[in-house]
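Coordinates as given in my_file01.cif (mmCIF, C-alpha atoms):
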```cif
data_run
#
loop_
_atom_site.group_PDB
_atom_site.id
_atom_site.type_symbol
_atom_site.label_atom_id
_atom_site.label_comp_id
_atom_site.auth_asym_id
_atom_site.auth_seq_id
_atom_site.Cartn_x
_atom_site.Cartn_y
_atom_site.Cartn_z
ATOM 1 C CA MET Z 1 84.734 -16.150 62.847
ATOM 2 C CA LEU Z 2 82.801 -19.276 61.907
ATOM 3 C CA LYS Z 3 84.524 -22.620 62.410
ATOM 4 C CA LEU Z 4 83.940 -25.026 59.493
ATOM 5 C CA TYR Z 5 84.448 -28.772 59.140
ATOM 6 C CA ILE Z 6 84.529 -30.368 55.667
ATOM 7 C CA ALA Z 7 83.476 -33.970 54.969
ATOM 8 C CA GLU Z 8 84.040 -35.041 51.346
ATOM 9 C CA ASP Z 9 85.177 -38.429 50.043
ATOM 10 C CA GLU Z 10 86.659 -37.150 46.758
ATOM 11 C CA GLU Z 11 90.110 -35.942 47.788
ATOM 12 C CA ILE Z 12 90.586 -33.612 44.842
ATOM 13 C CA ILE Z 13 87.342 -31.823 45.704
ATOM 14 C CA ARG Z 14 88.086 -31.777 49.421
ATOM 15 C CA ARG Z 15 91.587 -30.389 48.887
ATOM 16 C CA GLY Z 16 90.228 -27.933 46.345
ATOM 17 C CA LEU Z 17 87.724 -26.596 48.860
ATOM 18 C CA ILE Z 18 90.361 -26.264 51.567
ATOM 19 C CA CYS Z 19 93.034 -24.657 49.388
ATOM 20 C CA THR Z 20 91.209 -22.569 46.767
ATOM 21 C CA VAL Z 21 88.305 -20.973 48.643
ATOM 22 C CA ASP Z 22 89.272 -17.686 50.273
ATOM 23 C CA TRP Z 23 88.005 -18.679 53.707
ATOM 24 C CA LEU Z 24 89.563 -15.675 55.437
ATOM 25 C CA ARG Z 25 87.566 -13.318 53.238
ATOM 26 C CA LEU Z 26 84.437 -15.267 54.132
ATOM 27 C CA GLY Z 27 85.182 -14.982 57.842
ATOM 28 C CA VAL Z 28 85.635 -18.742 58.177
ATOM 29 C CA LYS Z 29 88.304 -20.977 59.688
ATOM 30 C CA VAL Z 30 88.508 -24.578 58.469
ATOM 31 C CA VAL Z 31 89.122 -26.623 61.624
ATOM 32 C CA GLY Z 32 89.210 -30.079 60.067
ATOM 33 C CA ASP Z 33 88.320 -32.385 57.191
ATOM 34 C CA ALA Z 34 87.539 -36.054 56.608
ATOM 35 C CA PRO Z 35 86.963 -38.450 53.672
ATOM 36 C CA ASP Z 36 83.884 -40.131 55.178
ATOM 37 C CA GLY Z 37 81.103 -39.521 57.659
ATOM 38 C CA ARG Z 38 82.400 -41.824 60.382
ATOM 39 C CA THR Z 39 85.787 -40.090 60.525
ATOM 40 C CA ALA Z 40 84.067 -36.720 60.264
ATOM 41 C CA LEU Z 41 81.860 -37.476 63.263
ATOM 42 C CA LEU Z 42 84.936 -38.066 65.432
ATOM 43 C CA GLY Z 43 86.573 -34.888 64.137
ATOM 44 C CA ILE Z 44 83.442 -32.804 64.685
ATOM 45 C CA ARG Z 45 83.186 -33.989 68.287
ATOM 46 C CA GLU Z 46 86.764 -32.879 68.846
ATOM 47 C CA THR Z 47 86.827 -29.557 66.948
ATOM 48 C CA LYS Z 48 83.248 -28.399 67.710
ATOM 49 C CA PRO Z 49 82.656 -26.466 64.458
ATOM 50 C CA ASP Z 50 79.825 -23.998 63.901
ATOM 51 C CA VAL Z 51 79.186 -25.344 60.388
ATOM 52 C CA VAL Z 52 79.642 -28.733 58.725
ATOM 53 C CA LEU Z 53 79.971 -28.804 54.935
ATOM 54 C CA THR Z 54 79.362 -32.416 53.963
ATOM 55 C CA ASP Z 55 78.904 -34.425 50.801
ATOM 56 C CA ILE Z 56 75.752 -36.525 50.850
ATOM 57 C CA LYS Z 57 77.201 -39.593 49.123
ATOM 58 C CA MET Z 58 80.176 -40.898 51.133
ATOM 59 C CA PRO Z 59 81.515 -44.318 52.222
ATOM 60 C CA ARG Z 60 81.151 -45.735 55.747
ATOM 61 C CA MET Z 61 78.637 -43.054 56.732
ATOM 62 C CA ASP Z 62 76.932 -40.708 54.276
ATOM 63 C CA GLY Z 63 76.132 -37.061 54.899
ATOM 64 C CA LEU Z 64 72.501 -37.676 55.834
ATOM 65 C CA ALA Z 65 73.483 -40.298 58.407
ATOM 66 C CA LEU Z 66 76.125 -37.910 59.739
ATOM 67 C CA ALA Z 67 73.506 -35.183 60.179
ATOM 68 C CA ARG Z 68 71.209 -37.619 61.976
ATOM 69 C CA GLU Z 69 74.035 -38.586 64.354
ATOM 70 C CA LEU Z 70 74.744 -34.918 65.097
ATOM 71 C CA GLN Z 71 71.065 -34.337 65.831
ATOM 72 C CA ALA Z 72 70.963 -37.332 68.142
ATOM 73 C CA GLU Z 73 73.961 -35.935 70.031
ATOM 74 C CA HIS Z 74 72.287 -32.503 70.262
ATOM 75 C CA ASN Z 75 75.176 -30.999 68.325
ATOM 76 C CA HIS Z 76 74.130 -27.527 67.179
ATOM 77 C CA ALA Z 77 76.491 -27.279 64.208
ATOM 78 C CA LYS Z 78 74.683 -26.122 61.061
ATOM 79 C CA VAL Z 79 74.890 -28.633 58.219
ATOM 80 C CA ILE Z 80 75.299 -27.638 54.572
ATOM 81 C CA PHE Z 81 74.870 -30.562 52.197
ATOM 82 C CA LEU Z 82 77.033 -30.743 49.103
ATOM 83 C CA THR Z 83 76.156 -33.144 46.289
ATOM 84 C CA SER Z 84 76.344 -33.707 42.564
ATOM 85 C CA TYR Z 85 72.921 -35.348 42.644
ATOM 86 C CA ALA Z 86 70.107 -32.896 41.905
ATOM 87 C CA ASP Z 87 67.649 -35.286 43.496
ATOM 88 C CA PHE Z 88 64.546 -33.923 45.215
ATOM 89 C CA ASP Z 89 64.455 -36.897 47.585
ATOM 90 C CA TYR Z 90 67.790 -35.780 48.993
ATOM 91 C CA ALA Z 91 66.474 -32.245 49.312
ATOM 92 C CA GLN Z 92 63.418 -33.483 51.195
ATOM 93 C CA GLU Z 93 65.562 -35.443 53.623
ATOM 94 C CA ALA Z 94 67.832 -32.411 54.048
ATOM 95 C CA VAL Z 95 64.802 -30.354 55.038
ATOM 96 C CA ARG Z 96 63.687 -32.968 57.544
ATOM 97 C CA LEU Z 97 67.166 -32.826 59.070
ATOM 98 C CA GLN Z 98 66.918 -29.025 59.276
ATOM 99 C CA ALA Z 99 69.813 -28.489 56.894
ATOM 100 C CA ALA Z 100 71.177 -24.958 56.615
ATOM 101 C CA ASP Z 101 71.289 -25.363 52.842
ATOM 102 C CA TYR Z 102 71.692 -27.796 49.946
ATOM 103 C CA LEU Z 103 74.380 -26.946 47.353
ATOM 104 C CA LEU Z 104 75.217 -28.688 44.102
ATOM 105 C CA LYS Z 105 78.706 -29.465 42.788
ATOM 106 C CA PRO Z 106 80.702 -27.797 41.407
ATOM 107 C CA ILE Z 107 80.313 -25.410 44.287
ATOM 108 C CA ASP Z 108 79.731 -21.742 43.505
ATOM 109 C CA GLU Z 109 81.871 -19.741 45.922
ATOM 110 C CA SER Z 110 79.551 -16.736 45.769
ATOM 111 C CA VAL Z 111 76.564 -18.892 46.738
ATOM 112 C CA LEU Z 112 78.584 -20.520 49.525
ATOM 113 C CA ALA Z 113 79.540 -17.043 50.742
ATOM 114 C CA GLN Z 114 75.851 -16.066 50.921
ATOM 115 C CA VAL Z 115 74.973 -19.166 52.929
ATOM 116 C CA LEU Z 116 77.830 -18.664 55.372
ATOM 117 C CA SER Z 117 77.000 -14.978 55.757
ATOM 118 C CA ARG Z 118 73.397 -15.897 56.565
ATOM 119 C CA LEU Z 119 74.532 -18.404 59.187
ATOM 120 C CA GLU Z 120 76.876 -15.865 60.742
ATOM 121 C CA ASN Z 121 74.109 -13.251 60.874
ATOM 122 C CA ALA Z 122 71.704 -15.751 62.404
ATOM 123 C CA ARG Z 123 74.277 -16.666 65.024
ATOM 124 C CA GLU Z 124 74.728 -13.017 65.950
ATOM 125 C CA GLU Z 125 71.029 -12.120 65.893
ATOM 126 C CA PRO Z 126 70.325 -10.714 69.377
ATOM 127 C CA LEU Z 127 67.577 -12.150 71.524
ATOM 128 C CA PRO Z 128 65.443 -10.013 73.830
ATOM 129 C CA GLU Z 129 66.752 -9.159 77.283
ATOM 130 C CA GLU Z 130 66.165 -11.843 79.892
ATOM 131 C CA THR Z 131 63.012 -10.465 81.443
ATOM 132 C CA GLY Z 132 59.394 -11.485 81.647
ATOM 133 C CA PRO Z 133 56.641 -9.894 79.536
ATOM 134 C CA VAL Z 134 55.010 -8.221 82.558
ATOM 135 C CA ASP Z 135 57.506 -5.377 83.012
ATOM 136 C CA GLY Z 136 58.374 -2.477 80.716
ATOM 137 C CA ALA Z 137 61.079 -4.209 78.725
ATOM 138 C CA GLY Z 138 58.958 -7.332 78.351
ATOM 139 C CA LYS Z 139 55.955 -5.353 77.140
ATOM 140 C CA ASN Z 140 58.170 -3.680 74.522
ATOM 141 C CA TRP Z 141 59.288 -7.121 73.367
ATOM 142 C CA THR Z 142 55.661 -8.210 73.092
ATOM 143 C CA ASP Z 143 54.970 -5.123 71.005
ATOM 144 C CA GLU Z 144 57.887 -6.137 68.770
ATOM 145 C CA LEU Z 145 56.523 -9.652 68.542
ATOM 146 C CA ILE Z 146 53.186 -8.495 67.155
ATOM 147 C CA ARG Z 147 54.684 -5.886 64.804
ATOM 148 C CA GLU Z 148 53.646 -6.322 61.202
ATOM 149 C CA TYR Z 149 56.397 -6.786 58.640
ATOM 150 C CA HIS Z 150 56.082 -5.301 55.183
ATOM 151 C CA SER Z 151 58.319 -5.723 52.155
ATOM 152 C CA GLY Z 152 58.619 -4.353 48.662
ATOM 153 C CA ASN Z 153 60.358 -7.523 47.505
ATOM 154 C CA PRO Z 154 57.859 -9.874 45.809
ATOM 155 C CA TYR Z 155 59.648 -13.000 47.056
ATOM 156 C CA VAL Z 156 59.607 -11.810 50.652
ATOM 157 C CA LYS Z 157 55.970 -10.707 50.272
ATOM 158 C CA HIS Z 158 55.164 -14.267 49.234
ATOM 159 C CA VAL Z 159 56.890 -15.608 52.363
ATOM 160 C CA LEU Z 160 55.104 -13.189 54.699
ATOM 161 C CA ALA Z 161 51.757 -14.062 53.157
ATOM 162 C CA ALA Z 162 52.539 -17.779 53.387
ATOM 163 C CA ILE Z 163 53.372 -17.449 57.094
ATOM 164 C CA LYS Z 164 50.075 -15.683 57.799
ATOM 165 C CA ARG Z 165 48.144 -18.169 55.729
ATOM 166 C CA GLY Z 166 49.865 -21.381 56.757
ATOM 167 C CA TYR Z 167 51.499 -20.842 60.147
ATOM 168 C CA GLN Z 168 49.384 -23.647 61.627
ATOM 169 C CA GLY Z 169 50.963 -26.248 59.348
ATOM 170 C CA LYS Z 170 54.445 -27.207 58.240
ATOM 171 C CA LEU Z 171 56.343 -24.443 56.478
ATOM 172 C CA SER Z 172 59.904 -24.566 55.159
ATOM 173 C CA ILE Z 173 61.961 -21.930 53.427
ATOM 174 C CA GLU Z 174 63.097 -24.492 50.875
ATOM 175 C CA THR Z 175 59.502 -25.166 49.805
ATOM 176 C CA LEU Z 176 58.741 -21.444 49.612
ATOM 177 C CA ALA Z 177 61.878 -20.859 47.560
ATOM 178 C CA ALA Z 178 61.009 -23.703 45.188
ATOM 179 C CA GLU Z 179 57.491 -22.312 44.714
ATOM 180 C CA GLN Z 180 59.019 -19.074 43.445
ATOM 181 C CA GLY Z 181 61.852 -20.584 41.432
ATOM 182 C CA VAL Z 182 64.670 -19.052 43.514
ATOM 183 C CA SER Z 183 67.395 -20.577 45.667
ATOM 184 C CA MET Z 184 66.973 -20.967 49.395
ATOM 185 C CA SER Z 185 70.155 -18.925 49.922
ATOM 186 C CA TYR Z 186 68.828 -16.002 47.896
ATOM 187 C CA LEU Z 187 65.448 -16.035 49.616
ATOM 188 C CA SER Z 188 67.023 -16.266 53.070
ATOM 189 C CA ARG Z 189 69.261 -13.288 52.318
ATOM 190 C CA LYS Z 190 66.349 -11.187 51.037
ATOM 191 C CA ILE Z 191 64.223 -12.009 54.077
ATOM 192 C CA LYS Z 192 67.071 -10.935 56.354
ATOM 193 C CA GLU Z 193 67.622 -7.724 54.370
ATOM 194 C CA GLU Z 194 63.938 -6.776 54.332
ATOM 195 C CA THR Z 195 62.925 -7.695 57.895
ATOM 196 C CA GLY Z 196 66.158 -7.957 59.858
ATOM 197 C CA LEU Z 197 65.131 -11.484 60.884
ATOM 198 C CA THR Z 198 65.643 -15.023 59.677
ATOM 199 C CA PHE Z 199 62.770 -17.058 58.248
ATOM 200 C CA GLY Z 200 62.725 -19.252 61.350
ATOM 201 C CA SER Z 201 62.489 -16.241 63.636
ATOM 202 C CA LEU Z 202 59.690 -14.668 61.578
ATOM 203 C CA LEU Z 203 57.685 -17.890 61.654
ATOM 204 C CA ALA Z 204 58.264 -18.438 65.378
ATOM 205 C CA ARG Z 205 57.274 -14.853 66.201
ATOM 206 C CA TYR Z 206 54.058 -15.026 64.207
ATOM 207 C CA ARG Z 207 53.123 -18.360 65.743
ATOM 208 C CA LEU Z 208 53.836 -16.944 69.187
ATOM 209 C CA LYS Z 209 51.682 -13.919 68.408
ATOM 210 C CA LYS Z 210 48.736 -16.128 67.507
ATOM 211 C CA SER Z 211 49.356 -18.373 70.498
ATOM 212 C CA LEU Z 212 49.268 -15.381 72.873
ATOM 213 C CA GLU Z 213 45.869 -14.470 71.482
ATOM 214 C CA LEU Z 214 44.596 -17.979 72.249
ATOM 215 C CA LEU Z 215 46.175 -18.038 75.700
ATOM 216 C CA ALA Z 216 44.667 -14.634 76.498
ATOM 217 C CA ALA Z 217 41.225 -15.916 75.525
ATOM 218 C CA GLY Z 218 41.518 -18.525 78.285
ATOM 219 C CA THR Z 219 39.519 -21.092 76.309
ATOM 220 C CA TRP Z 220 42.162 -23.675 75.424
ATOM 221 C CA ARG Z 221 44.728 -25.700 77.308
ATOM 222 C CA VAL Z 222 48.389 -25.008 76.584
ATOM 223 C CA TYR Z 223 48.869 -28.214 74.584
ATOM 224 C CA GLU Z 224 45.824 -27.320 72.471
ATOM 225 C CA VAL Z 225 47.283 -23.877 71.774
ATOM 226 C CA ALA Z 226 50.556 -25.532 70.725
ATOM 227 C CA GLU Z 227 48.727 -27.786 68.274
ATOM 228 C CA GLN Z 228 46.603 -24.966 66.826
ATOM 229 C CA THR Z 229 49.529 -22.622 66.174
ATOM 230 C CA GLY Z 230 51.917 -24.944 64.379
ATOM 231 C CA PHE Z 231 54.280 -25.798 67.223
ATOM 232 C CA GLY Z 232 53.114 -29.391 67.232
ATOM 233 C CA ASP Z 233 53.734 -30.655 70.721
ATOM 234 C CA TYR Z 234 53.629 -29.075 74.157
ATOM 235 C CA LYS Z 235 57.350 -29.493 74.834
ATOM 236 C CA ASN Z 236 58.486 -27.769 71.645
ATOM 237 C CA TYR Z 237 56.045 -24.914 72.227
ATOM 238 C CA CYS Z 238 57.352 -24.321 75.746
ATOM 239 C CA ILE Z 239 60.960 -24.324 74.508
ATOM 240 C CA VAL Z 240 60.247 -21.688 71.848
ATOM 241 C CA PHE Z 241 58.074 -19.669 74.241
ATOM 242 C CA LYS Z 242 60.874 -19.643 76.824
ATOM 243 C CA LYS Z 243 63.497 -18.718 74.215
ATOM 244 C CA TYR Z 244 61.636 -15.654 72.958
ATOM 245 C CA LEU Z 245 59.597 -14.526 75.966
ATOM 246 C CA HIS Z 246 61.732 -15.870 78.835
ATOM 247 C CA THR Z 247 58.767 -17.228 80.719
ATOM 248 C CA THR Z 248 56.335 -20.143 80.311
ATOM 249 C CA PRO Z 249 52.857 -20.230 78.769
ATOM 250 C CA LYS Z 250 51.314 -21.061 82.143
ATOM 251 C CA VAL Z 251 53.036 -18.153 83.894
ATOM 252 C CA PHE Z 252 51.994 -15.872 81.044
ATOM 253 C CA MET Z 253 48.374 -16.932 81.438
ATOM 254 C CA GLN Z 254 48.508 -16.337 85.176
ATOM 255 C CA GLN Z 255 50.214 -12.941 85.030
ATOM 256 C CA VAL Z 256 49.154 -11.101 81.895
ATOM 257 C CA ALA Z 257 46.456 -12.978 79.961
ATOM 258 C CA GLY Z 258 43.709 -10.911 81.489
ATOM 259 C CA GLY Z 259 45.221 -7.538 80.664
ATOM 260 C CA LEU Z 260 47.165 -7.891 77.448
ATOM 261 C CA LYS Z 261 45.388 -6.833 74.286
ATOM 262 C CA LEU Z 262 46.970 -7.957 71.034
ATOM 263 C CA GLU Z 263 46.390 -6.045 67.853
ATOM 264 C CA GLU Z 264 46.347 -7.366 64.346
#
```

Show this structure as structure tokens.
Amino acid sequence: MLKLYIAEDEEIIRRGLICTVDWLRLGVKVVGDAPDGRTALLGIRETKPDVVLTDIKMPRMDGLALARELQAEHNHAKVIFLTSYADFDYAQEAVRLQAADYLLKPIDESVLAQVLSRLENAREEPLPEETGPVDGAGKNWTDELIREYHSGNPYVKHVLAAIKRGYQGKLSIETLAAEQGVSMSYLSRKIKEETGLTFGSLLARYRLKKSLELLAAGTWRVYEVAEQTGFGDYKNYCIVFKKYLHTTPKVFMQQVAGGLKLEE
């Protein structure tokens, strides 16, 4: 069950969310609430929620500042922004802060349910077994990494094509959703249904696939591979590499670069 913390300065809205939403049906437990970001930050530290539903415009500390504080503290709670301001600037900042979603008031419970379901599925998405890519299990994981994904859904097709075309640059699901005139929640759900993976996992896997090809070629340094495949910096690349392949780029180059053939 997901643990949720609510930060909303309008008491009638905050109480309405707590009392009228069928949280049990959504598989959610509300562990706390606050009327401003500063109070919420203290409560979040204490209750350690999985998800924070926060208004953007609040006194003392707004929702964006709250999200920045959580990032600075390496708090892994997913943040859903709630606002009555359909302002693209807010949406852009939400993306920069890696928001789970951006919902407008009055909140649509069905849309909220979709977002929470996506977060729960992402939390439960299994990672490969802790083994290196040189043994049998690791080689199977590498095969999975380079598997092509196909979809009959036009929105998901657009995403898959965008990843192949633009993996070297900055890609966000919010931008891809806006390009197609659909909500980020809807697109995220369709991607999960069609591929079994989240957008972030699809993008990371494709970037890793391309990076393995460059590492295997033996022409570039690791930091150059990171830059060419959209990971940005060396440190971030190594973190993602370790998360998915349970080894490091340098070890990979030493152990398997000479013998691994990747297929398109």

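Taking atom CA of Asp101 of chain Z as the reference point, atom CA of Lys210 of chain Z is found at 28.4 Å.
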
Suppose you want the space between atom CA of Ile6 of chain Z and atom CA of Ala72 of chain Z; what is it in Å? 19.7 Å

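Nearest residue to Leu176 of chain Z, choosing from Z:Val21, Z:Tyr155, Z:Glu193, Z:Leu104 and counting all atoms listed in the file: Z:Tyr155.
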
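Picked by the PyMOL selection byres ((chain Z and resi 81) around 7) from the coordinates shown: Z:Leu53, Z:Thr54, Z:Asp55, Z:Ile56, Z:Val79, Z:Ile80, Z:Leu82, Z:Thr83, Z:Asp101, Z:Tyr102, Z:Leu103.
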
Filtering to C-alpha atoms, could you give me those residues as a compact mmCIF listing (two decimals), keeping the file's coordinate frame?
```txt
# COMPACT_ATOMS: atom_id res chain seq x y z
CA LEU Z 53 79.97 -28.80 54.94
CA THR Z 54 79.36 -32.42 53.96
CA ASP Z 55 78.90 -34.42 50.80
CA ILE Z 56 75.75 -36.52 50.85
CA VAL Z 79 74.89 -28.63 58.22
CA ILE Z 80 75.30 -27.64 54.57
CA LEU Z 82 77.03 -30.74 49.10
CA THR Z 83 76.16 -33.14 46.29
CA ASP Z 101 71.29 -25.36 52.84
CA TYR Z 102 71.69 -27.80 49.95
CA LEU Z 103 74.38 -26.95 47.35
```

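The set of residues that the PyMOL selection byres ((chain Z and resi 48) around 9) takes from this file is Lys3, Leu4, Tyr5, Val31, Gly43, Ile44, Arg45, Glu46, Thr47, Pro49, Asp50, Val51, Asn75 and Ala77 of chain Z.
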
Spatial neighbours of Ile163 of chain Z, 10 Å, all atoms listed in the file, chain gap at least 2 places, as a list in words: Lys157, His158, Val159, Leu160, Ala161, Arg165, Gly166, Tyr167, Gln168, Gly169, Lys170, Leu171, Ser172, Phe199, Leu202, Leu203, Ala204, Tyr206 and Arg207 of chain Z

List the residues selected by the PyMOL selection byres ((chain Z and resi 62) around 12) in the file shown, writing them as a PyMOL selection string. chain Z and resi 7-9+34-41+54-61+63-69+81-83+90

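The space between atom CA of Lys78 of chain Z and atom CA of Ala99 of chain Z spans 6.8 Å.
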
Will you model N, CA and C atoms for segment 181-203 of chain Z and pass it back as a PDB file, in the coordinates of the input?
```pdb
ATOM      1  N   GLY Z 181      60.783 -20.373  42.387  1.00  0.00           N
ATOM      2  CA  GLY Z 181      61.852 -20.584  41.432  1.00  0.00           C
ATOM      3  C   GLY Z 181      63.147 -19.872  41.772  1.00  0.00           C
ATOM      4  N   VAL Z 182      63.420 -19.680  43.090  1.00  0.00           N
ATOM      5  CA  VAL Z 182      64.670 -19.052  43.514  1.00  0.00           C
ATOM      6  C   VAL Z 182      65.370 -19.984  44.491  1.00  0.00           C
ATOM      7  N   SER Z 183      66.650 -19.729  44.742  1.00  0.00           N
ATOM      8  CA  SER Z 183      67.395 -20.577  45.667  1.00  0.00           C
ATOM      9  C   SER Z 183      67.058 -20.223  47.103  1.00  0.00           C
ATOM     10  N   MET Z 184      67.225 -21.197  47.983  1.00  0.00           N
ATOM     11  CA  MET Z 184      66.973 -20.967  49.395  1.00  0.00           C
ATOM     12  C   MET Z 184      67.928 -19.912  49.950  1.00  0.00           C
ATOM     13  N   SER Z 185      69.173 -19.908  49.457  1.00  0.00           N
ATOM     14  CA  SER Z 185      70.155 -18.925  49.922  1.00  0.00           C
ATOM     15  C   SER Z 185      69.723 -17.513  49.571  1.00  0.00           C
ATOM     16  N   TYR Z 186      69.263 -17.331  48.339  1.00  0.00           N
ATOM     17  CA  TYR Z 186      68.828 -16.002  47.896  1.00  0.00           C
ATOM     18  C   TYR Z 186      67.627 -15.537  48.715  1.00  0.00           C
ATOM     19  N   LEU Z 187      66.658 -16.418  48.884  1.00  0.00           N
ATOM     20  CA  LEU Z 187      65.448 -16.035  49.616  1.00  0.00           C
ATOM     21  C   LEU Z 187      65.774 -15.718  51.075  1.00  0.00           C
ATOM     22  N   SER Z 188      66.634 -16.513  51.682  1.00  0.00           N
ATOM     23  CA  SER Z 188      67.023 -16.266  53.070  1.00  0.00           C
ATOM     24  C   SER Z 188      67.682 -14.900  53.209  1.00  0.00           C
ATOM     25  N   ARG Z 189      68.561 -14.575  52.268  1.00  0.00           N
ATOM     26  CA  ARG Z 189      69.261 -13.288  52.318  1.00  0.00           C
ATOM     27  C   ARG Z 189      68.288 -12.135  52.175  1.00  0.00           C
ATOM     28  N   LYS Z 190      67.322 -12.260  51.255  1.00  0.00           N
ATOM     29  CA  LYS Z 190      66.349 -11.187  51.037  1.00  0.00           C
ATOM     30  C   LYS Z 190      65.442 -10.999  52.256  1.00  0.00           C
ATOM     31  N   ILE Z 191      65.050 -12.101  52.871  1.00  0.00           N
ATOM     32  CA  ILE Z 191      64.223 -12.009  54.077  1.00  0.00           C
ATOM     33  C   ILE Z 191      64.981 -11.253  55.169  1.00  0.00           C
ATOM     34  N   LYS Z 192      66.256 -11.594  55.339  1.00  0.00           N
ATOM     35  CA  LYS Z 192      67.071 -10.935  56.354  1.00  0.00           C
ATOM     36  C   LYS Z 192      67.225  -9.447  56.050  1.00  0.00           C
ATOM     37  N   GLU Z 193      67.451  -9.116  54.765  1.00  0.00           N
ATOM     38  CA  GLU Z 193      67.622  -7.724  54.370  1.00  0.00           C
ATOM     39  C   GLU Z 193      66.348  -6.913  54.588  1.00  0.00           C
ATOM     40  N   GLU Z 194      65.205  -7.510  54.287  1.00  0.00           N
ATOM     41  CA  GLU Z 194      63.938  -6.776  54.332  1.00  0.00           C
ATOM     42  C   GLU Z 194      63.358  -6.665  55.744  1.00  0.00           C
ATOM     43  N   THR Z 195      63.571  -7.677  56.572  1.00  0.00           N
ATOM     44  CA  THR Z 195      62.925  -7.695  57.895  1.00  0.00           C
ATOM     45  C   THR Z 195      63.911  -7.621  59.050  1.00  0.00           C
ATOM     46  N   GLY Z 196      65.183  -7.908  58.776  1.00  0.00           N
ATOM     47  CA  GLY Z 196      66.158  -7.957  59.858  1.00  0.00           C
ATOM     48  C   GLY Z 196      66.120  -9.260  60.635  1.00  0.00           C
ATOM     49  N   LEU Z 197      65.290 -10.211  60.189  1.00  0.00           N
ATOM     50  CA  LEU Z 197      65.131 -11.484  60.884  1.00  0.00           C
ATOM     51  C   LEU Z 197      65.328 -12.653  59.929  1.00  0.00           C
ATOM     52  N   THR Z 198      65.586 -13.810  60.476  1.00  0.00           N
ATOM     53  CA  THR Z 198      65.643 -15.023  59.677  1.00  0.00           C
ATOM     54  C   THR Z 198      64.224 -15.546  59.453  1.00  0.00           C
ATOM     55  N   PHE Z 199      64.073 -16.456  58.500  1.00  0.00           N
ATOM     56  CA  PHE Z 199      62.770 -17.058  58.248  1.00  0.00           C
ATOM     57  C   PHE Z 199      62.255 -17.760  59.506  1.00  0.00           C
ATOM     58  N   GLY Z 200      63.141 -18.525  60.158  1.00  0.00           N
ATOM     59  CA  GLY Z 200      62.725 -19.252  61.350  1.00  0.00           C
ATOM     60  C   GLY Z 200      62.227 -18.337  62.446  1.00  0.00           C
ATOM     61  N   SER Z 201      62.903 -17.195  62.609  1.00  0.00           N
ATOM     62  CA  SER Z 201      62.489 -16.241  63.636  1.00  0.00           C
ATOM     63  C   SER Z 201      61.156 -15.595  63.280  1.00  0.00           C
ATOM     64  N   LEU Z 202      60.965 -15.244  62.012  1.00  0.00           N
ATOM     65  CA  LEU Z 202      59.690 -14.668  61.578  1.00  0.00           C
ATOM     66  C   LEU Z 202      58.535 -15.628  61.844  1.00  0.00           C
ATOM     67  N   LEU Z 203      58.733 -16.888  61.475  1.00  0.00           N
ATOM     68  CA  LEU Z 203      57.685 -17.890  61.654  1.00  0.00           C
ATOM     69  C   LEU Z 203      57.395 -18.104  63.136  1.00  0.00           C
TER      70      LEU Z 203
END
```
